[in-house]
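Chemist: My structure is below; once you've seen it, I'll send some questions.
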Amino acid sequence: MEVQGQWAEVFEGSDRQEDSGGEGELLGSSTITLAPLVANPPPPPIRRSQPLVIHRSRMNTVERFSVPSIPNPFPELCSPSQSPVLIGSLSPPRSDTHLIKVFGEDSHSRSLWVIPRATARDVCHLLVQTTHCSDQENWALIELHSALGLERVLEDHEVVVEVQAAWPSESDTKLLFRKNYAKYEFFRTPVLFFPKHMISDSADVTKGMTSAELIQNLLQSGTCPEIQGFLHVREPSRKAWKKVYFFLRRSGLYCSTKGSSKEPRHLQYVADLEDLNVYSITNSRKLYGAPVDFTFCIKPSKDRIRAQDLKLLCAENEQTRTCWTSAFRLFKYGRQLHCNYQLSQSAPRLQEVVSQRCESEASLVAMDFSGKAGGRVIQNAWEAQSAEKEEGQAWRRREALRCSLPNLTPGSRPSSIHRTQLWFHGGVSRKQAQRLIEEQGLVDGMFLIRESQQHAQCFVLSLCYKLKTKHYLVIPCEEGGRKYYTMDDGLTLFIDLLQLVEFHQINKGILPVCLKHPCVCVAL
């Protein structure tokens with residue numbers, strides 16, 4: 001081994017190693033001494049079965065040696081370089097790191113060591129890598145208070161350690177990692193989230209502008225239109241709920257003491273938006289006696305969560321509740337929320353995927369291999385389209401023939417392939433299916449398929465459309481001695497549920513919208 005200089009490193013009870021940086025450093029607490037270099041020293045008599053001992057000292061720093069670089073076969077399991085999030089072990093890798101525990105939807109958890117300024121975006125990115133999620137978008141950290149029925153989605157820029165600091169010392173509060181497609185959906189379809197009748201007509205900017213133009217201009221500038229409407233509010237010292245007219249403005253939340261009057265003498269100041277967090281409430285009828293299930297609450301963000309400090313509000317429907325909660329977020333975070341949305345749209349990993357896809361599609365050409373002389377490039381666009389259509393029809397014929405082979409056992413038939421798909425949720429109930437879709441964001445096209453609890457051998461397609469969940473019965477039928485599935489009384493037949501989903505991802509059929517986002521659960 002080549003040694004530079006007049007000194008060599010001598011290790012007590014171990015083989016000699018070199019550091020790639022040129023100078024020897026301490027590994028943990030290894031004892032290292034420097035001795036003059038002797039020409040051609042005899043090799044130390046170390047037996048192969050003898051363990052190498054490295055004596056430890058009291059030093060805690062981890063140093064590097066010049067061991068030949070070995071490629072990591074599992075790079076996705078390690079933190080990226082310069083990442084603010086570190087995968088930890090039983091002892092923290094650095095003195096300034098904090099241990100957080102994140103739960104999946106299967107109640108299993110994963111512990112991570114993070115630096116004090118690690119954001120929710122950083123933690124989500126690491127969890128996506130370590131859990132090998134095929135879909136890297138639309139993941140979120142959820143702050144969940146099970147006993148109080150509260151939950152909210154952490155904003156991408158929020159510091160996770162600071163959020164945990166406001167939790168009660170002994171509580172069941174935890175972080176949950178799951179999909180959330182609706183985090184920035186109001187930037188894409190603002191009219192659906194901000195109905196015209198809830199926008200205050202007191203703003204001067206509404207003159208000469210439609211409702212859609214007003215909302216779009218305000219969202220792009222990092223603000224929100226003023227919101228107004230009736231909400232049920234729970235009185236602090238009583239369990240009764242009272243219907244009150246509220247106004248949400250940039251300066252804060254107000255309520256009217258006289259009907260829906262907007263006169264300043266009738267407005268009562270309720271809360272400041274800068275110091276508020278907004279939570280949605282699950283099972284609000286049972287926990288708080290709410291008139292309907294569309295309940296949310298506001299509370300000071302820096303105070304510890306207590307039931308007596310919650311300001312409980314209840315809307316008439318899901319669209320109204322979503323409008324209020326979205327407006328609270330926009331008024332509080334303003335431009336930062338729009339920057340988070342733009343950052344999620346222009347993430348490097350997405351750009352790489354898009355660029356690779358564009359390059360690959362640009363390099364593909366239509367080929368004809370029907371001749372004996374080899375393949376030829378199809379120059380005519382109409383001929384290429386016709387060849388594509390014929391190939392698709394041939395694939396369908398081969399698939400139908402494969403499904404009708406007599407030597408296939410019932411357990412191996414393609415009709416059971418749906419059990420391996422992420423969108424299939426087995427025997428969950430109708431209420432559980434609606435809850436899963438609500439938790440992952442009420443956006444158009446979110447769907448799952450489940451087994452019907454009322455009709456044997458049937459399935460149900462649960463689909464979200466306009467903030468509501470609709471359910472469609474999938475019925476098995478037979479034609480020509482073969483089994484099919486249909487949703488339109490046999491007009492359109494599918495050999496299995498996978499084909500049904502693939503068809504409705506590009507064709508609406510009887511559905512109000514194409515299938516877009518599968519409702520999935522991840523295990524940590």
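Every chain in the structure tokens takes a letter, A first, then B, and so on in the order presented; its residues are numbered from 1, and the ligands are numbered from 1 following the presented order.
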Please report, as JSON lines, each residue of range 186-305 of chain A lying at most 12 Å from range 455-470 of chain A, together with the nearest pair of atoms and the separation in Å rounded to one decimal; use only C-alpha atoms, and order rows by chain and ascending residue number.

Modeler:
```
{"residue": "A:Phe186", "atom": "CA", "partner": "A:Leu467", "partner_atom": "CA", "distance": 11.9}
{"residue": "A:Thr189", "atom": "CA", "partner": "A:Lys466", "partner_atom": "CA", "distance": 10.4}
{"residue": "A:Val191", "atom": "CA", "partner": "A:Lys466", "partner_atom": "CA", "distance": 10.9}
{"residue": "A:Leu192", "atom": "CA", "partner": "A:Lys466", "partner_atom": "CA", "distance": 7.3}
{"residue": "A:Phe193", "atom": "CA", "partner": "A:Leu467", "partner_atom": "CA", "distance": 9.0}
{"residue": "A:Pro195", "atom": "CA", "partner": "A:Lys466", "partner_atom": "CA", "distance": 11.9}
```

Chemist: Filtering to N, CA, C and O atoms, could you give me those residues as a short mmCIF file (atom, residue, chain, number, x, y, z; two decimals), in the first residue's frame?

Modeler:
```
data_model
loop_
_atom_site.label_atom_id
_atom_site.label_comp_id
_atom_site.auth_asym_id
_atom_site.auth_seq_id
_atom_site.Cartn_x
_atom_site.Cartn_y
_atom_site.Cartn_z
N PHE A 186 -57.72 24.07 -4.38
CA PHE A 186 -58.44 25.32 -4.62
C PHE A 186 -57.68 26.25 -5.56
O PHE A 186 -58.26 27.17 -6.12
N THR A 189 -59.10 24.51 -9.07
CA THR A 189 -60.54 24.70 -9.32
C THR A 189 -61.10 25.63 -8.26
O THR A 189 -61.86 25.20 -7.37
N VAL A 191 -63.40 28.00 -8.30
CA VAL A 191 -64.84 28.26 -8.28
C VAL A 191 -65.58 27.20 -7.47
O VAL A 191 -66.57 27.49 -6.79
N LEU A 192 -65.10 25.96 -7.50
CA LEU A 192 -65.73 24.90 -6.74
C LEU A 192 -65.53 25.10 -5.24
O LEU A 192 -66.42 24.79 -4.43
N PHE A 193 -64.40 25.66 -4.83
CA PHE A 193 -64.09 25.82 -3.41
C PHE A 193 -64.63 27.14 -2.85
O PHE A 193 -64.80 27.26 -1.64
N PRO A 195 -67.80 29.23 -3.60
CA PRO A 195 -69.05 29.51 -4.32
C PRO A 195 -69.40 31.00 -4.29
O PRO A 195 -69.03 31.73 -3.36
#
```

Chemist: Determine, counting only C-alpha atoms, which protein, DNA and RNA residues have an atom within 9 Å of an atom of Arg329 in chain A; residues of the same chain fewer than 5 positions away are not included. Present the result as number ranges by chain.

Modeler: A: 273, 277-278, 324, 334, 337

Chemist: Generate the output file for the selected residues, N, CA and C atoms, as a PDB file, in the first residue's frame.

Modeler:
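What ended up in out.pdb:
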```pdb
ATOM      1  N   LEU A 273     -56.358  36.033  12.817  1.00  0.00           N
ATOM      2  CA  LEU A 273     -55.986  34.921  11.952  1.00  0.00           C
ATOM      3  C   LEU A 273     -54.511  34.560  12.054  1.00  0.00           C
ATOM      4  N   ASN A 277     -54.956  28.100  14.275  1.00  0.00           N
ATOM      5  CA  ASN A 277     -54.916  26.884  13.478  1.00  0.00           C
ATOM      6  C   ASN A 277     -56.337  26.386  13.296  1.00  0.00           C
ATOM      7  N   VAL A 278     -56.611  25.836  12.112  1.00  0.00           N
ATOM      8  CA  VAL A 278     -57.949  25.360  11.784  1.00  0.00           C
ATOM      9  C   VAL A 278     -57.904  23.834  11.711  1.00  0.00           C
ATOM     10  N   TRP A 324     -64.665  27.678   4.098  1.00  0.00           N
ATOM     11  CA  TRP A 324     -64.189  28.378   5.289  1.00  0.00           C
ATOM     12  C   TRP A 324     -62.771  27.959   5.671  1.00  0.00           C
ATOM     13  N   GLY A 334     -51.099  33.396   3.250  1.00  0.00           N
ATOM     14  CA  GLY A 334     -50.975  34.305   2.130  1.00  0.00           C
ATOM     15  C   GLY A 334     -50.065  33.787   1.024  1.00  0.00           C
ATOM     16  N   LEU A 337     -48.386  30.215   0.986  1.00  0.00           N
ATOM     17  CA  LEU A 337     -49.163  29.066   0.536  1.00  0.00           C
ATOM     18  C   LEU A 337     -49.080  28.910  -0.977  1.00  0.00           C
TER      19      LEU A 337
END
```

Chemist: With only C-alpha atoms as the counted atoms, please give the residues lying no more than 9 Å from Leu436 in chain A, apart from itself and same-chain residues fewer than 5 positions off, as a VMD selection string.

Modeler: chain A and resid 431 441 519 to 520

Chemist: For the selection you just gave me, I'd like the residues written to a file as a PDB file, in the first residue's frame, keeping C-alpha atoms.

Modeler:
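Result written to selection_28.pdb:
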```
ATOM      1  CA  LYS A 431     -69.242   4.674   5.675  1.00  0.00           C
ATOM      2  CA  GLY A 441     -59.051  14.955  -0.031  1.00  0.00           C
ATOM      3  CA  CYS A 519     -57.464   6.021  -2.740  1.00  0.00           C
ATOM      4  CA  VAL A 520     -54.430   4.194  -1.345  1.00  0.00           C
TER       5      VAL A 520
END
```

Chemist: For each of A:Ser452, A:Ala327, A:Val501, A:Ala315, take the minimum atom-to-atom distance to Leu422 in chain A, counting only C-alpha atoms, then give the residue where this is smallest.

Modeler: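 For Leu422 in chain A, the nearest of the candidates is A:Val501.
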
Chemist: Give me, as a tab-separated table (two decimals) with N, CA and C atoms, in the first residue's frame, all polymer residues having an atom no more than 8 Å from Ile100 in chain A, counting only C-alpha atoms and skipping those fewer than 5 positions away in the same chain.

Modeler:
```tsv
chain	number	residue	atom	x	y	z
A	111	SER	N	-39.69	5.86	13.33
A	111	SER	CA	-39.02	6.94	14.05
A	111	SER	C	-37.93	7.54	13.17
A	112	LEU	N	-37.82	8.86	13.23
A	112	LEU	CA	-36.85	9.59	12.43
A	112	LEU	C	-36.15	10.61	13.30
A	113	TRP	N	-34.84	10.79	13.03
A	113	TRP	CA	-34.10	11.88	13.65
A	113	TRP	C	-34.09	13.05	12.70
A	114	VAL	N	-34.53	14.22	13.15
A	114	VAL	CA	-34.60	15.40	12.30
A	114	VAL	C	-33.89	16.55	13.01
A	161	VAL	N	-40.87	20.09	14.53
A	161	VAL	CA	-40.51	20.13	15.94
A	161	VAL	C	-41.29	21.21	16.67
```

Chemist: Considering only C-alpha atoms, state which residue in the set A:Glu502, A:Asp444, A:Asp156, A:Glu478 is at the smallest distance from Gln421 in chain A.

Modeler: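 Comparing A:Glu502, A:Asp444, A:Asp156, A:Glu478 against Gln421 in chain A, the winner is A:Glu502.
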
Chemist: Check range 138-241 of chain A with DSSP on the backbone and list each residue it calls strand (DSSP E), as number ranges by chain.

Modeler: A: 139-145, 150-153, 174-179, 227-234, 241

Chemist: Between A:Arg178, A:His232, A:Arg482, A:Lys311, which residue has the minimum interatomic distance to Ile298 in chain A, considering only C-alpha atoms?

Modeler: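 Of A:Arg178, A:His232, A:Arg482, A:Lys311, the one nearest Ile298 in chain A, counting only C-alpha atoms, is A:Lys311.
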
Chemist: Restricting the calculation to only C-alpha atoms, which member of A:Thr130, A:Leu218, A:Val153, A:Leu448 is positioned closest to Ser429 in chain A?

Modeler: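 For Ser429 in chain A, the nearest of the given residues is A:Leu448.
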